[in-house]
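Structure data follow from target21.tsv (TSV, C-alpha atoms):
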chain	number	residue	atom	x	y	z
A	115	MET	CA	-46.22	-93.84	76.17
A	116	LYS	CA	-48.82	-92.94	78.77
A	117	PHE	CA	-52.56	-92.93	78.31
A	118	LEU	CA	-55.42	-91.58	80.38
A	119	ILE	CA	-58.02	-94.36	80.62
A	120	ILE	CA	-61.60	-93.36	81.41
A	121	SER	CA	-64.98	-95.04	81.22
A	122	ASP	CA	-68.65	-94.61	81.95
A	123	THR	CA	-68.81	-90.83	81.87
A	124	HIS	CA	-72.53	-90.99	81.00
A	125	GLY	CA	-72.83	-87.48	79.56
A	126	ARG	CA	-70.79	-85.80	82.29
A	127	ILE	CA	-67.49	-84.76	80.71
A	128	ASP	CA	-66.54	-81.91	83.03
A	129	ARG	CA	-64.26	-84.09	85.16
A	130	ALA	CA	-62.72	-85.74	82.11
A	131	ALA	CA	-62.01	-82.35	80.57
A	132	ARG	CA	-60.33	-81.11	83.76
A	133	LEU	CA	-58.25	-84.29	83.93
A	134	ILE	CA	-57.10	-83.98	80.33
A	135	GLU	CA	-56.06	-80.38	80.91
A	136	ALA	CA	-54.24	-81.22	84.16
A	137	LEU	CA	-52.51	-84.36	82.87
A	138	ARG	CA	-51.64	-83.09	79.40
A	139	PRO	CA	-47.89	-82.76	80.06
A	140	GLN	CA	-47.78	-86.40	81.22
A	141	ILE	CA	-49.99	-88.23	78.69
A	142	ASP	CA	-49.85	-89.12	75.01
A	143	GLY	CA	-53.49	-90.01	74.59
A	144	VAL	CA	-56.95	-90.53	76.02
A	145	TRP	CA	-58.83	-93.82	75.72
A	146	HIS	CA	-62.54	-93.98	76.57
A	147	LEU	CA	-64.11	-97.37	77.28
A	148	GLY	CA	-67.72	-96.57	76.51
A	149	ASP	CA	-70.90	-95.16	77.95
A	150	ASN	CA	-71.18	-92.55	76.35
A	151	TYR	CA	-69.48	-92.57	72.96
A	152	ARG	CA	-70.76	-89.02	72.37
A	153	ASP	CA	-68.63	-87.92	75.36
A	154	PHE	CA	-65.58	-89.33	73.60
A	155	GLU	CA	-66.45	-87.44	70.42
A	156	LEU	CA	-66.82	-84.15	72.31
A	157	LEU	CA	-63.55	-84.62	74.20
A	158	LYS	CA	-61.70	-85.60	71.03
A	159	LYS	CA	-63.02	-82.56	69.17
A	160	ARG	CA	-61.97	-80.28	72.01
A	161	PHE	CA	-58.52	-81.73	72.81
A	162	ALA	CA	-57.09	-84.02	70.11
A	163	LEU	CA	-55.67	-81.48	67.67
A	164	PRO	CA	-54.72	-78.58	69.92
A	165	LEU	CA	-53.02	-80.84	72.47
A	166	LYS	CA	-51.77	-83.44	69.95
A	167	LEU	CA	-53.30	-86.34	71.88
A	168	ALA	CA	-54.21	-89.75	70.46
A	169	PHE	CA	-57.84	-90.61	71.15
A	170	GLN	CA	-59.40	-94.09	70.98
A	171	ALA	CA	-62.79	-95.36	72.12
A	172	VAL	CA	-65.29	-98.16	72.02
A	173	PRO	CA	-69.04	-97.85	72.50
A	174	GLY	CA	-70.82	-99.28	75.51
A	175	ASN	CA	-74.24	-100.72	76.21
A	176	CYS	CA	-75.65	-97.18	76.48
A	177	ASP	CA	-74.50	-96.32	72.95
A	178	PRO	CA	-77.16	-97.92	70.72
A	179	ALA	CA	-76.65	-97.76	66.97
A	180	CYS	CA	-73.10	-96.46	67.37
A	181	PRO	CA	-71.17	-97.40	64.20
A	182	ALA	CA	-67.82	-97.75	66.01
A	183	PRO	CA	-66.48	-101.28	66.58
A	184	GLU	CA	-67.38	-102.81	69.95
A	185	MET	CA	-63.79	-103.89	70.50
A	186	ARG	CA	-60.41	-102.78	69.30
A	187	LEU	CA	-57.01	-104.45	69.26
A	188	ILE	CA	-54.41	-101.71	69.30
A	189	PRO	CA	-50.67	-102.30	68.88
A	190	VAL	CA	-48.58	-99.84	70.93
A	191	GLU	CA	-44.87	-100.04	71.74
A	192	GLY	CA	-44.75	-103.80	71.22
A	193	HIS	CA	-47.91	-104.42	73.26
A	194	GLN	CA	-51.32	-105.58	72.06
A	195	VAL	CA	-54.12	-103.75	73.84
A	196	PHE	CA	-57.61	-105.28	73.76
A	197	MET	CA	-60.17	-102.54	74.39
A	198	CYS	CA	-63.87	-103.14	75.01
A	199	HIS	CA	-66.68	-101.87	77.20
A	200	GLY	CA	-67.15	-105.23	78.87
A	201	HIS	CA	-70.89	-105.78	78.69
A	202	MET	CA	-70.45	-108.39	75.92
A	203	TYR	CA	-67.94	-110.33	78.07
A	204	ALA	CA	-69.92	-110.92	81.28
A	205	VAL	CA	-67.87	-108.58	83.47
A	206	SER	CA	-69.46	-107.61	86.77
A	207	GLY	CA	-68.40	-105.99	90.02
A	208	GLY	CA	-64.84	-107.03	90.70
A	209	ASN	CA	-64.41	-109.73	88.07
A	210	ILE	CA	-63.17	-109.96	84.51
A	211	GLY	CA	-65.90	-112.26	83.22
A	212	VAL	CA	-64.82	-114.22	80.16
A	213	LEU	CA	-62.14	-111.74	79.14
A	214	ASP	CA	-59.50	-114.16	80.40
A	215	MET	CA	-60.63	-116.58	77.68
A	216	VAL	CA	-60.87	-113.96	74.92
A	217	ALA	CA	-57.64	-112.04	75.57
A	218	PRO	CA	-55.13	-114.86	75.03
A	219	SER	CA	-56.64	-115.83	71.68
A	220	SER	CA	-56.43	-112.20	70.52
A	221	GLY	CA	-52.73	-111.99	71.42
A	222	ALA	CA	-53.41	-109.18	73.90
A	223	ASP	CA	-51.17	-108.57	76.87
A	224	VAL	CA	-53.34	-105.66	78.10
A	225	VAL	CA	-57.14	-105.72	78.42
A	226	LEU	CA	-59.07	-102.51	79.06
A	227	PHE	CA	-62.75	-102.56	79.97
A	228	GLY	CA	-65.41	-100.59	81.81
A	229	HIS	CA	-69.13	-101.21	82.33
A	230	THR	CA	-69.07	-102.11	86.04
A	231	HIS	CA	-68.22	-98.61	87.31
A	232	VAL	CA	-65.92	-100.39	89.78
A	233	PRO	CA	-62.14	-100.00	89.38
A	234	LEU	CA	-60.08	-103.14	88.95
A	235	LEU	CA	-56.41	-103.79	88.26
A	236	GLN	CA	-55.06	-107.31	88.15
A	237	THR	CA	-52.60	-109.47	86.27
A	238	LYS	CA	-53.60	-112.98	85.33
A	239	ASN	CA	-51.44	-115.35	83.27
A	240	GLY	CA	-49.22	-112.45	82.23
A	241	ILE	CA	-52.10	-110.28	80.99
A	242	LEU	CA	-52.89	-106.94	82.63
A	243	TYR	CA	-56.63	-106.35	83.15
A	244	LEU	CA	-57.69	-102.77	83.85
A	245	ASN	CA	-61.05	-101.22	84.55
A	246	PRO	CA	-60.68	-97.53	85.50
A	247	GLY	CA	-64.06	-97.38	87.21
A	248	SER	CA	-66.28	-94.38	86.50
A	249	LEU	CA	-65.53	-90.68	86.71
A	250	SER	CA	-69.23	-89.84	86.96
A	251	LEU	CA	-71.18	-92.65	88.58
A	252	PRO	CA	-68.95	-94.86	90.75
A	253	ARG	CA	-70.41	-98.02	92.22
A	254	GLY	CA	-69.54	-100.58	94.85
A	255	GLY	CA	-68.37	-97.98	97.35
A	256	SER	CA	-65.61	-96.75	95.03
A	257	ASP	CA	-64.67	-93.13	94.44
A	258	PRO	CA	-64.88	-91.47	91.03
A	259	SER	CA	-61.78	-92.84	89.32
A	260	TYR	CA	-59.55	-93.04	86.26
A	261	ALA	CA	-56.34	-94.82	85.33
A	262	ILE	CA	-52.99	-94.14	83.73
A	263	LEU	CA	-51.61	-96.88	81.49
A	264	GLU	CA	-47.92	-96.86	80.61
A	265	LEU	CA	-46.67	-98.83	77.62
A	266	ALA	CA	-43.00	-99.07	76.70
A	267	SER	CA	-41.20	-101.41	74.37
A	268	GLY	CA	-39.55	-104.40	76.02
A	269	VAL	CA	-41.10	-103.96	79.48
A	270	PRO	CA	-44.41	-105.17	80.93
A	271	ALA	CA	-47.33	-102.76	80.78
A	272	ARG	CA	-47.91	-100.76	83.95
A	273	ALA	CA	-51.08	-99.13	85.20
A	274	GLU	CA	-52.33	-97.28	88.21
A	275	ILE	CA	-55.86	-96.34	89.26
A	276	PHE	CA	-56.47	-92.94	90.86
A	277	SER	CA	-59.39	-91.46	92.75
A	278	TYR	CA	-60.58	-88.27	91.11
A	279	GLN	CA	-59.96	-85.19	93.26
A	280	GLU	CA	-61.79	-81.90	92.57

Would it be possible to restate this file's structure as structure tokens?
Amino acid sequence: MKFLIISDTHGRIDRAARLIEALRPQIDGVWHLGDNYRDFELLKKRFALPLKLAFQAVPGNCDPACPAPEMRLIPVEGHQVFMCHGHMYAVSGGNIGVLDMVAPSSGADVVLFGHTHVPLLQTKNGILYLNPGSLSLPRGGSDPSYAILELASGVPARAEIFSYQE
């Protein structure tokens, strides 16, 4: 299964909408890693049913009073995916903060987070850590970006980060 991973859209869903439309034949779902949860709700309403896509999200630090859980552990194709925004786990710039302490105890082999607006893809102790960066407000000299996560039974998770092209 393949998932479009986005984060930190901050009220600007035009790029996300274009990506979903363009990538639809290749993806099974869209996962949003927070800031803004309302963006996730709008995208889900627009695309989930007509395109038969699985949507998941977590709120971020810019989503006060959001009733959704701040982290999710999602089983997919024999993998355990830990999804969070990252602000509660001391992530910054190009580092994974304390996620490398939290992930093993959760049983996750994939950790998805946002918050920094800086893309990151690394494997540490057999766990894949992925931050897709931001489609709307990139930081640290990065381009607007997103990621594709591929999960298949019996093989390690694979991911790739892409610069957004208009």

Of the candidates A:Ser220, A:Ser256, A:Gln170, A:Asn245, which one gets nearest to Ala182 of chain A if we count all atoms listed in the file? A:Gln170

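Distances to Ala131 of chain A were evaluated for A:Phe161, A:Tyr151, A:Tyr260, A:Phe117 using only C-alpha atoms, and the minimum falls at A:Phe161.
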
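For Asn150 of chain A, the non-local neighbours within 12 Å, defined as residues at least 5 positions apart in the same chain or in other chains and counting only C-alpha atoms, are A:Ile120, A:Ser121, A:Asp122, A:Thr123, A:His124, A:Gly125, A:Arg126, A:Ile127, A:Glu155, A:Leu156, A:Leu157, A:Ala171, A:Val172, A:Pro173, A:Gly174, A:Asn175, A:Cys176, A:Asp177, A:Pro178, A:Cys180, A:His199, A:Gly228, A:His229, A:Ser248, A:Leu249, A:Ser250.
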
Would you mind telling me which residue in A:Ile262, A:Ile188, A:Ala179, A:Ile241 lies nearest to Asp223 of chain A when using all atoms listed in the file? A:Ile241

If we count only C-alpha atoms, what is near Gly208 of chain A at a cut-off of 10 Å, once residues fewer than 3 positions away on the same chain are taken out, given as a ChimeraX atom specification? /A:205,211,230-235,245,254

Point-to-point distance in Å for atom CA of Ile141 of chain A and atom CA of Lys166 of chain A: 10.1 Å

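Straight-line separation from atom CA of Asp128 of chain A to atom CA of Gln140 of chain A: 19.4 Å.
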
For Met115 of chain A, list every protein, DNA or RNA residue within 12 Å, evaluated using all atoms listed in the file, and leave out those in the same chain fewer than 4 positions away; present the list as a tab-separated table (two decimals) with C-alpha atoms, in the frame of the given file.
chain	number	residue	atom	x	y	z
A	139	PRO	CA	-47.89	-82.76	80.06
A	140	GLN	CA	-47.78	-86.40	81.22
A	141	ILE	CA	-49.99	-88.23	78.69
A	142	ASP	CA	-49.85	-89.12	75.01
A	143	GLY	CA	-53.49	-90.01	74.59
A	144	VAL	CA	-56.95	-90.53	76.02
A	167	LEU	CA	-53.30	-86.34	71.88
A	168	ALA	CA	-54.21	-89.75	70.46
A	190	VAL	CA	-48.58	-99.84	70.93
A	191	GLU	CA	-44.87	-100.04	71.74
A	192	GLY	CA	-44.75	-103.80	71.22
A	193	HIS	CA	-47.91	-104.42	73.26
A	262	ILE	CA	-52.99	-94.14	83.73
A	263	LEU	CA	-51.61	-96.88	81.49
A	264	GLU	CA	-47.92	-96.86	80.61
A	265	LEU	CA	-46.67	-98.83	77.62
A	266	ALA	CA	-43.00	-99.07	76.70
A	267	SER	CA	-41.20	-101.41	74.37
A	269	VAL	CA	-41.10	-103.96	79.48
A	271	ALA	CA	-47.33	-102.76	80.78
A	272	ARG	CA	-47.91	-100.76	83.95
A	273	ALA	CA	-51.08	-99.13	85.20

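Going from atom CA of Gly207 of chain A to atom CA of Ala136 of chain A covers 29.1 Å.
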
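Compared by their closest atoms to Arg129 of chain A, and using only C-alpha atoms, the residues A:Ile210, A:Leu147, A:Leu251, A:Met202 rank with A:Leu251 nearest.
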
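Distance annotation: of A:Phe154, A:Tyr278, A:Phe169, A:Phe227, the residue with the minimal separation from Glu184 of chain A is A:Phe227; atom set is only C-alpha atoms.
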
List every protein, DNA or RNA residue with an atom no more than 12 Å from (-61.0, -112.0, 73.7) in the file's coordinates, counting all atoms listed in the file, and format the result as an mmCIF file with C-alpha atoms, keeping the file's coordinate frame.
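Writing done, so here's out.cif:
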data_model
loop_
_atom_site.group_PDB
_atom_site.id
_atom_site.type_symbol
_atom_site.label_atom_id
_atom_site.label_comp_id
_atom_site.auth_asym_id
_atom_site.auth_seq_id
_atom_site.Cartn_x
_atom_site.Cartn_y
_atom_site.Cartn_z
ATOM 1 C CA GLU A 184 -67.380 -102.810 69.950
ATOM 2 C CA MET A 185 -63.790 -103.890 70.500
ATOM 3 C CA ARG A 186 -60.410 -102.780 69.300
ATOM 4 C CA LEU A 187 -57.010 -104.450 69.260
ATOM 5 C CA GLN A 194 -51.320 -105.580 72.060
ATOM 6 C CA VAL A 195 -54.120 -103.750 73.840
ATOM 7 C CA PHE A 196 -57.610 -105.280 73.760
ATOM 8 C CA MET A 197 -60.170 -102.540 74.390
ATOM 9 C CA CYS A 198 -63.870 -103.140 75.010
ATOM 10 C CA GLY A 200 -67.150 -105.230 78.870
ATOM 11 C CA MET A 202 -70.450 -108.390 75.920
ATOM 12 C CA TYR A 203 -67.940 -110.330 78.070
ATOM 13 C CA ALA A 204 -69.920 -110.920 81.280
ATOM 14 C CA ILE A 210 -63.170 -109.960 84.510
ATOM 15 C CA GLY A 211 -65.900 -112.260 83.220
ATOM 16 C CA VAL A 212 -64.820 -114.220 80.160
ATOM 17 C CA LEU A 213 -62.140 -111.740 79.140
ATOM 18 C CA ASP A 214 -59.500 -114.160 80.400
ATOM 19 C CA MET A 215 -60.630 -116.580 77.680
ATOM 20 C CA VAL A 216 -60.870 -113.960 74.920
ATOM 21 C CA ALA A 217 -57.640 -112.040 75.570
ATOM 22 C CA PRO A 218 -55.130 -114.860 75.030
ATOM 23 C CA SER A 219 -56.640 -115.830 71.680
ATOM 24 C CA SER A 220 -56.430 -112.200 70.520
ATOM 25 C CA GLY A 221 -52.730 -111.990 71.420
ATOM 26 C CA ALA A 222 -53.410 -109.180 73.900
ATOM 27 C CA ASP A 223 -51.170 -108.570 76.870
ATOM 28 C CA VAL A 224 -53.340 -105.660 78.100
ATOM 29 C CA VAL A 225 -57.140 -105.720 78.420
ATOM 30 C CA LEU A 226 -59.070 -102.510 79.060
ATOM 31 C CA PHE A 227 -62.750 -102.560 79.970
ATOM 32 C CA ILE A 241 -52.100 -110.280 80.990
ATOM 33 C CA TYR A 243 -56.630 -106.350 83.150
#

Option closest in space to Leu242 of chain A, from A:Leu163, A:Pro181, A:Glu274, A:Gly148 [counting only C-alpha atoms]: A:Glu274
